[in-house]
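*Asks:* Sharing a structure here in structure tokens format.
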Amino acid sequence: MEEVNKEKTSRTEAELMSICEALIFVSDEPVPPKVLGDVLGEPKQKIEKALDDLRLSYEARDGGLRLREIGGGWQIATRTELHEEVREFLKTRPSAKLSLASLETLAVIAYRQPVTVPEILEIRGVQSASSIKTLLDKRLIVSKGRKDTVGRPMMYGTSKDFLIQFGLKDLSELPSIEDFEDLIQ
Amino acid sequence: MEEVNKEKTSRTEAELMSICEALIFVSDEPVPPKVLGDVLGEPKQKIEKALDDLRLSYEARDGGLRLREIGGGWQIATRTELHEEVREFLKTRPSAKLSLASLETLAVIAYRQPVTVPEILEIRGVQSASSIKTLLDKRLIVSKGRKDTVGRPMMYGTSKDFLIQFGLKDLSELPSIEDFEDLIQ
Amino acid sequence: MPQTVPNIFMDVDSEQLVFDFENVQPHIERESRDQIKLTLGEFAGPLDLLLYLIRQEKANIFDIPIAKITDEYLRYIRLLKSMDITLATDFLVMAATLIEIKSKMLLPRDPVFEGDEEAEDPRQELVDQLLEHEKFKRASEMLYERSTIEQATFSRGLIESDDNNLEINATVFDILKAFQQIMERRKEEIQMEIAREEMSLAEMLKNIRSRIFTSGKITLLEIFEELKTKNEFVLAFIAVLEIVRTESVRVIQEQVFGEITLTRT
């Protein structure tokens, strides 16, 4: 361990700045200097100096990002001035993404259509009201009239948008359970 | 709307570079220039120029990060030289590699897409069902509809994740399969 | 000098044995005339094995000594079988193909085609297949290298903005899988319900024992008639054996294939 540390302390300040930048970038949370020091086998002062210089270089560059100390750790974040564009961008982004609950609900509707809310509940074993709302909002499903049973519940089926989003010519192109079993064997 | 666009096109190139950097940073997948152009209401050429200059500035800075074009979009990533430290920090091992069989199947799909299971069998001379399942699970391939022949078999092609995981800008970056012919004695 | 032992590890996701084949060649050592030692034997398929054997013989791929290669191939198959390795049917199909080509080569030429210079070589189709396969093998090596390089690159960790976006990307297969998972979940639930209703061995023992001791005797048929599931049959059978073994109950069969009666003594 001693030896490894010795070997690694031959890093230049510029190298250390680069490494710290990369580690902060890949981390999910703000990175405390101590963690960096431990991983890299470098003394605390050297790490702190590198971080401070890195912060200054971010400021001098005046780009879209900044390096900041927060909650005892260091983090790369966007500059506050750009928050409008960032928010706008995140809003428009992945419109075709679905939560797992919505995906399951969509699966039941796709394979069992036309299907009512109580029937979906029975198959999934969970209430699906909010998923159904999401799917209606995203226009992936449409109502298909009411079922002639007690309470005349609404029936749902997939829409044309569903076909388009999932690249299907028609519903017959949905992979069948058998297709999948062929693969599992 | 008109007004907003007009207002926004008064951005300087430096401002545009900053905004693009921030948006690419917050996105969880590579961002196509078109998306940036649409969100910002800027012409494609201006965006592309800004991205290219941004890439150059990353290179000139020679820090821990780089900007690169991959899978049809732009992404900020760590420099490959730092992979040891990053891995140590994240305590990850290189992720499991694909089996030889899966790699071969993937190669056939990449070069012959869209391609069906029987066609893959013919080239590989071996059943590939479990490899195809692995590749689907890893999201490296996606189904591309059914082929209009007997049995309407499912066709497969590579996904965007494939491009990203193999560091390709787009499919045209794959070396031509005929190039490999010369290597055979 | 290529290394002969690859780094083998388990791919947790696919539960497949994976090996790092960089610089590694499948390797068979010939120990004596009739013995071959397999040093490393994962061939991705029969074509790989064939290519390997052709190289081993230093044969020209465009002029394969088919008799010799077929013998080698069959020998390898036998070896694998003797090691209790289950062979994919593809290997056996290839064996059949080789034998067929070999026998075609032995046949005298069809007189109708005599003089026809262009008469099809029985090996041609196989050669084409081998060449095509070889190209894709090279391509997969290229992909392997690319992914290795790519694994040295990391993208940023999750940031706050991602929390507002806990969504997953979906394809038709995700839908299918989601559906399948729901169905499996249901199957499990249904099975659990049935299991709960089913009798335990203790209950079965108690039940049969009390019937014998209250009525003095009972036929096996009477016991089995009331049972619904295979599981209950098994339990009843074990219970009867247990009762006969541990208590004063006799089993009487008056004639061959006749009724069996349990009697309290």
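Letters A, B, ... mark the chains of the structure tokens in the order given; residue numbers begin at 1 per chain; ligand numbers begin at 1, in order shown.
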Just the number, please: Cα RMSD of chain A on chain B after least-squares superposition over all C-alpha atoms matched in order.
*Replies:*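 Chain B versus chain A: RMSD of 17.8 Å.
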*Asks:* Compile the residues of chain C that lie within 6 Å of chain B, evaluated using only C-alpha atoms, and express the compilation as a PyMOL selection string.
*Replies:* chain C and resi 11+18+44-45+90+133+135+139-140+146-147+150+152-155
*Asks:* Hey, which of B:Gly63, B:Pro114, B:Gly157, B:Gly37 ends up closest to chain A? Count only C-alpha atoms.
*Replies:*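 Comparing B:Gly63, B:Pro114, B:Gly157, B:Gly37 against chain A, the winner is B:Gly63.
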*Asks:* Smallest atom-to-atom distance to chain A: which of B:Ala129, B:Ala14, B:Ile47, B:Ile24, using only C-alpha atoms?
*Replies:*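 Of the candidates, the smallest distance to chain A is held by B:Ala129.
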*Asks:* Find the residues near C:Ile61: any atom within 12 Å, counting only C-alpha atoms, skip ones fewer than 4 places away on the same chain, and give them as a PDB file with N, CA and C atoms, in the first residue's frame.
*Replies:*
ATOM      1  N   ILE B 184      -8.249 -13.002 -45.045  1.00  0.00           N
ATOM      2  CA  ILE B 184      -8.318 -14.460 -45.077  1.00  0.00           C
ATOM      3  C   ILE B 184      -7.321 -14.985 -46.087  1.00  0.00           C
ATOM      4  N   GLN B 185      -6.553 -15.966 -45.640  1.00  0.00           N
ATOM      5  CA  GLN B 185      -5.510 -16.458 -46.544  1.00  0.00           C
ATOM      6  C   GLN B 185      -6.090 -17.333 -47.626  1.00  0.00           C
TER       7      GLN B 185
ATOM      8  N   LEU C  50     -14.450 -26.622 -37.692  1.00  0.00           N
ATOM      9  CA  LEU C  50     -13.989 -27.024 -39.015  1.00  0.00           C
ATOM     10  C   LEU C  50     -12.811 -26.167 -39.461  1.00  0.00           C
ATOM     11  N   LEU C  51     -12.938 -24.867 -39.279  1.00  0.00           N
ATOM     12  CA  LEU C  51     -11.851 -23.964 -39.654  1.00  0.00           C
ATOM     13  C   LEU C  51     -10.582 -24.306 -38.881  1.00  0.00           C
ATOM     14  N   TYR C  52     -10.780 -24.603 -37.613  1.00  0.00           N
ATOM     15  CA  TYR C  52      -9.645 -24.944 -36.783  1.00  0.00           C
ATOM     16  C   TYR C  52      -8.952 -26.192 -37.298  1.00  0.00           C
ATOM     17  N   LEU C  53      -9.738 -27.218 -37.647  1.00  0.00           N
ATOM     18  CA  LEU C  53      -9.168 -28.479 -38.122  1.00  0.00           C
ATOM     19  C   LEU C  53      -8.450 -28.291 -39.455  1.00  0.00           C
ATOM     20  N   ILE C  54      -9.030 -27.458 -40.300  1.00  0.00           N
ATOM     21  CA  ILE C  54      -8.410 -27.201 -41.603  1.00  0.00           C
ATOM     22  C   ILE C  54      -7.047 -26.538 -41.395  1.00  0.00           C
ATOM     23  N   ARG C  55      -6.993 -25.584 -40.467  1.00  0.00           N
ATOM     24  CA  ARG C  55      -5.717 -24.913 -40.166  1.00  0.00           C
ATOM     25  C   ARG C  55      -4.714 -25.879 -39.586  1.00  0.00           C
ATOM     26  N   GLN C  56      -5.219 -26.710 -38.696  1.00  0.00           N
ATOM     27  CA  GLN C  56      -4.360 -27.680 -38.028  1.00  0.00           C
ATOM     28  C   GLN C  56      -3.688 -28.578 -39.060  1.00  0.00           C
ATOM     29  N   GLU C  57      -4.427 -28.924 -40.103  1.00  0.00           N
ATOM     30  CA  GLU C  57      -3.897 -29.781 -41.160  1.00  0.00           C
ATOM     31  C   GLU C  57      -3.089 -28.977 -42.170  1.00  0.00           C
ATOM     32  N   PRO C  65      -9.066 -31.318 -47.883  1.00  0.00           N
ATOM     33  CA  PRO C  65      -8.966 -32.792 -47.929  1.00  0.00           C
ATOM     34  C   PRO C  65     -10.118 -33.366 -47.102  1.00  0.00           C
ATOM     35  N   ILE C  66     -11.238 -33.569 -47.782  1.00  0.00           N
ATOM     36  CA  ILE C  66     -12.485 -33.786 -47.083  1.00  0.00           C
ATOM     37  C   ILE C  66     -12.500 -35.062 -46.256  1.00  0.00           C
ATOM     38  N   ILE C  69     -10.414 -34.431 -43.061  1.00  0.00           N
ATOM     39  CA  ILE C  69     -11.053 -33.462 -42.164  1.00  0.00           C
ATOM     40  C   ILE C  69     -12.308 -34.064 -41.532  1.00  0.00           C
ATOM     41  N   ARG C 123     -17.836 -29.696 -52.491  1.00  0.00           N
ATOM     42  CA  ARG C 123     -17.359 -28.934 -51.341  1.00  0.00           C
ATOM     43  C   ARG C 123     -17.693 -27.455 -51.423  1.00  0.00           C
ATOM     44  N   GLN C 124     -18.111 -27.037 -52.644  1.00  0.00           N
ATOM     45  CA  GLN C 124     -18.224 -25.601 -52.891  1.00  0.00           C
ATOM     46  C   GLN C 124     -19.091 -24.856 -51.876  1.00  0.00           C
ATOM     47  N   LEU C 126     -19.895 -25.597 -48.882  1.00  0.00           N
ATOM     48  CA  LEU C 126     -19.270 -25.551 -47.569  1.00  0.00           C
ATOM     49  C   LEU C 126     -18.154 -24.497 -47.540  1.00  0.00           C
ATOM     50  N   VAL C 127     -17.367 -24.452 -48.613  1.00  0.00           N
ATOM     51  CA  VAL C 127     -16.276 -23.473 -48.688  1.00  0.00           C
ATOM     52  C   VAL C 127     -16.834 -22.054 -48.625  1.00  0.00           C
ATOM     53  N   ASP C 128     -17.905 -21.826 -49.392  1.00  0.00           N
ATOM     54  CA  ASP C 128     -18.525 -20.498 -49.375  1.00  0.00           C
ATOM     55  C   ASP C 128     -18.968 -20.121 -47.964  1.00  0.00           C
ATOM     56  N   GLN C 129     -19.564 -21.122 -47.309  1.00  0.00           N
ATOM     57  CA  GLN C 129     -20.065 -20.874 -45.963  1.00  0.00           C
ATOM     58  C   GLN C 129     -18.914 -20.564 -45.007  1.00  0.00           C
ATOM     59  N   LEU C 130     -17.832 -21.307 -45.160  1.00  0.00           N
ATOM     60  CA  LEU C 130     -16.663 -21.089 -44.305  1.00  0.00           C
ATOM     61  C   LEU C 130     -16.074 -19.697 -44.512  1.00  0.00           C
ATOM     62  N   LEU C 131     -15.990 -19.292 -45.760  1.00  0.00           N
ATOM     63  CA  LEU C 131     -15.416 -17.973 -46.060  1.00  0.00           C
ATOM     64  C   LEU C 131     -16.283 -16.864 -45.491  1.00  0.00           C
ATOM     65  N   GLU C 134     -15.901 -16.796 -41.774  1.00  0.00           N
ATOM     66  CA  GLU C 134     -14.604 -16.246 -41.394  1.00  0.00           C
ATOM     67  C   GLU C 134     -14.637 -14.712 -41.370  1.00  0.00           C
TER      68      GLU C 134
END
*Asks:* Using only C-alpha atoms, which of the listed residues (A:Pro153, A:Pro118, A:Gly41, A:Gly72) sits closest to chain B?
*Replies:*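 Checking each of A:Pro153, A:Pro118, A:Gly41, A:Gly72 against chain B, counting only C-alpha atoms, the winner is A:Gly41.
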*Asks:* If you run DSSP on the backbone, which residues of stretch 34-124 of chain B are strand (DSSP E or B), as a compact mmCIF listing (two decimals) with C-alpha atoms, in the first residue's frame?
*Replies:*
# COMPACT_ATOMS: atom_id res chain seq x y z
CA LEU B 65 -13.24 15.14 -19.83
CA ARG B 66 -13.82 15.17 -23.54
CA LEU B 67 -16.70 15.96 -25.84
CA ARG B 68 -17.44 13.38 -28.48
CA GLU B 69 -19.92 12.45 -31.16
CA ILE B 70 -21.45 9.04 -30.61
CA GLY B 73 -25.47 12.58 -30.76
CA TRP B 74 -22.99 14.44 -28.59
CA GLN B 75 -21.84 13.38 -25.17
CA ILE B 76 -19.39 14.44 -22.47
CA ALA B 77 -17.30 11.52 -21.23
CA THR B 78 -14.11 10.86 -19.33
CA VAL B 115 -31.85 -9.92 -40.63
CA THR B 116 -33.97 -12.88 -39.47
*Asks:* Residues of stretch 47-110 of chain A in alpha helix (DSSP H) according to DSSP, as a VMD selection string?
*Replies:* chain A and resid 47 to 61 83 to 92 100 to 110
*Asks:* Got time to write the residues from that selection, C-alpha atoms, as a short mmCIF file (atom, residue, chain, number, x, y, z; two decimals), in the first residue's frame?
*Replies:*
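part_22.cif, written as the output of this step:
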data_model
loop_
_atom_site.label_atom_id
_atom_site.label_comp_id
_atom_site.auth_asym_id
_atom_site.auth_seq_id
_atom_site.Cartn_x
_atom_site.Cartn_y
_atom_site.Cartn_z
CA ILE A 47 -6.21 17.37 -3.44
CA GLU A 48 -7.67 20.57 -2.04
CA LYS A 49 -5.24 22.68 -3.99
CA ALA A 50 -6.09 20.77 -7.19
CA LEU A 51 -9.83 21.19 -6.60
CA ASP A 52 -9.50 24.86 -5.97
CA ASP A 53 -7.44 25.38 -9.10
CA LEU A 54 -9.94 23.30 -11.05
CA ARG A 55 -12.77 25.52 -9.79
CA LEU A 56 -10.86 28.59 -10.88
CA SER A 57 -10.20 27.12 -14.31
CA TYR A 58 -13.94 26.44 -14.71
CA GLU A 59 -14.65 30.05 -13.79
CA ALA A 60 -12.01 31.38 -16.15
CA ARG A 61 -13.34 29.26 -18.98
CA HIS A 83 -31.54 27.29 -16.02
CA GLU A 84 -34.26 28.38 -18.43
CA GLU A 85 -32.71 26.64 -21.39
CA VAL A 86 -31.92 23.59 -19.29
CA ARG A 87 -35.48 23.33 -18.01
CA GLU A 88 -36.88 23.82 -21.49
CA PHE A 89 -34.57 21.14 -22.82
CA LEU A 90 -35.37 18.57 -20.14
CA LYS A 91 -39.05 19.12 -20.71
CA THR A 92 -38.88 18.36 -24.40
CA LEU A 100 -42.26 0.52 -15.36
CA ALA A 101 -45.84 0.73 -14.07
CA SER A 102 -46.99 2.42 -17.27
CA LEU A 103 -45.08 -0.08 -19.35
CA GLU A 104 -46.81 -2.95 -17.60
CA THR A 105 -50.20 -1.36 -18.00
CA LEU A 106 -49.47 -0.73 -21.64
CA ALA A 107 -48.42 -4.35 -22.06
CA VAL A 108 -51.69 -5.61 -20.60
CA ILE A 109 -53.68 -3.28 -22.82
CA ALA A 110 -51.68 -4.17 -25.92
#
*Asks:* Considering only C-alpha atoms, return as an MDAnalysis selection string whatever protein or nucleic-acid residues lie within 8 Å of stretch 260-263 of chain C, sequence-local ones (same chain, fewer than 4 positions apart) excluded.
*Replies:* chainID C and resid 212 216:221 249:254
*Asks:* Mind pulling up the distance from atom CA of C:Asp48 to atom CA of C:Arg78?
*Replies:* 16.9 Å
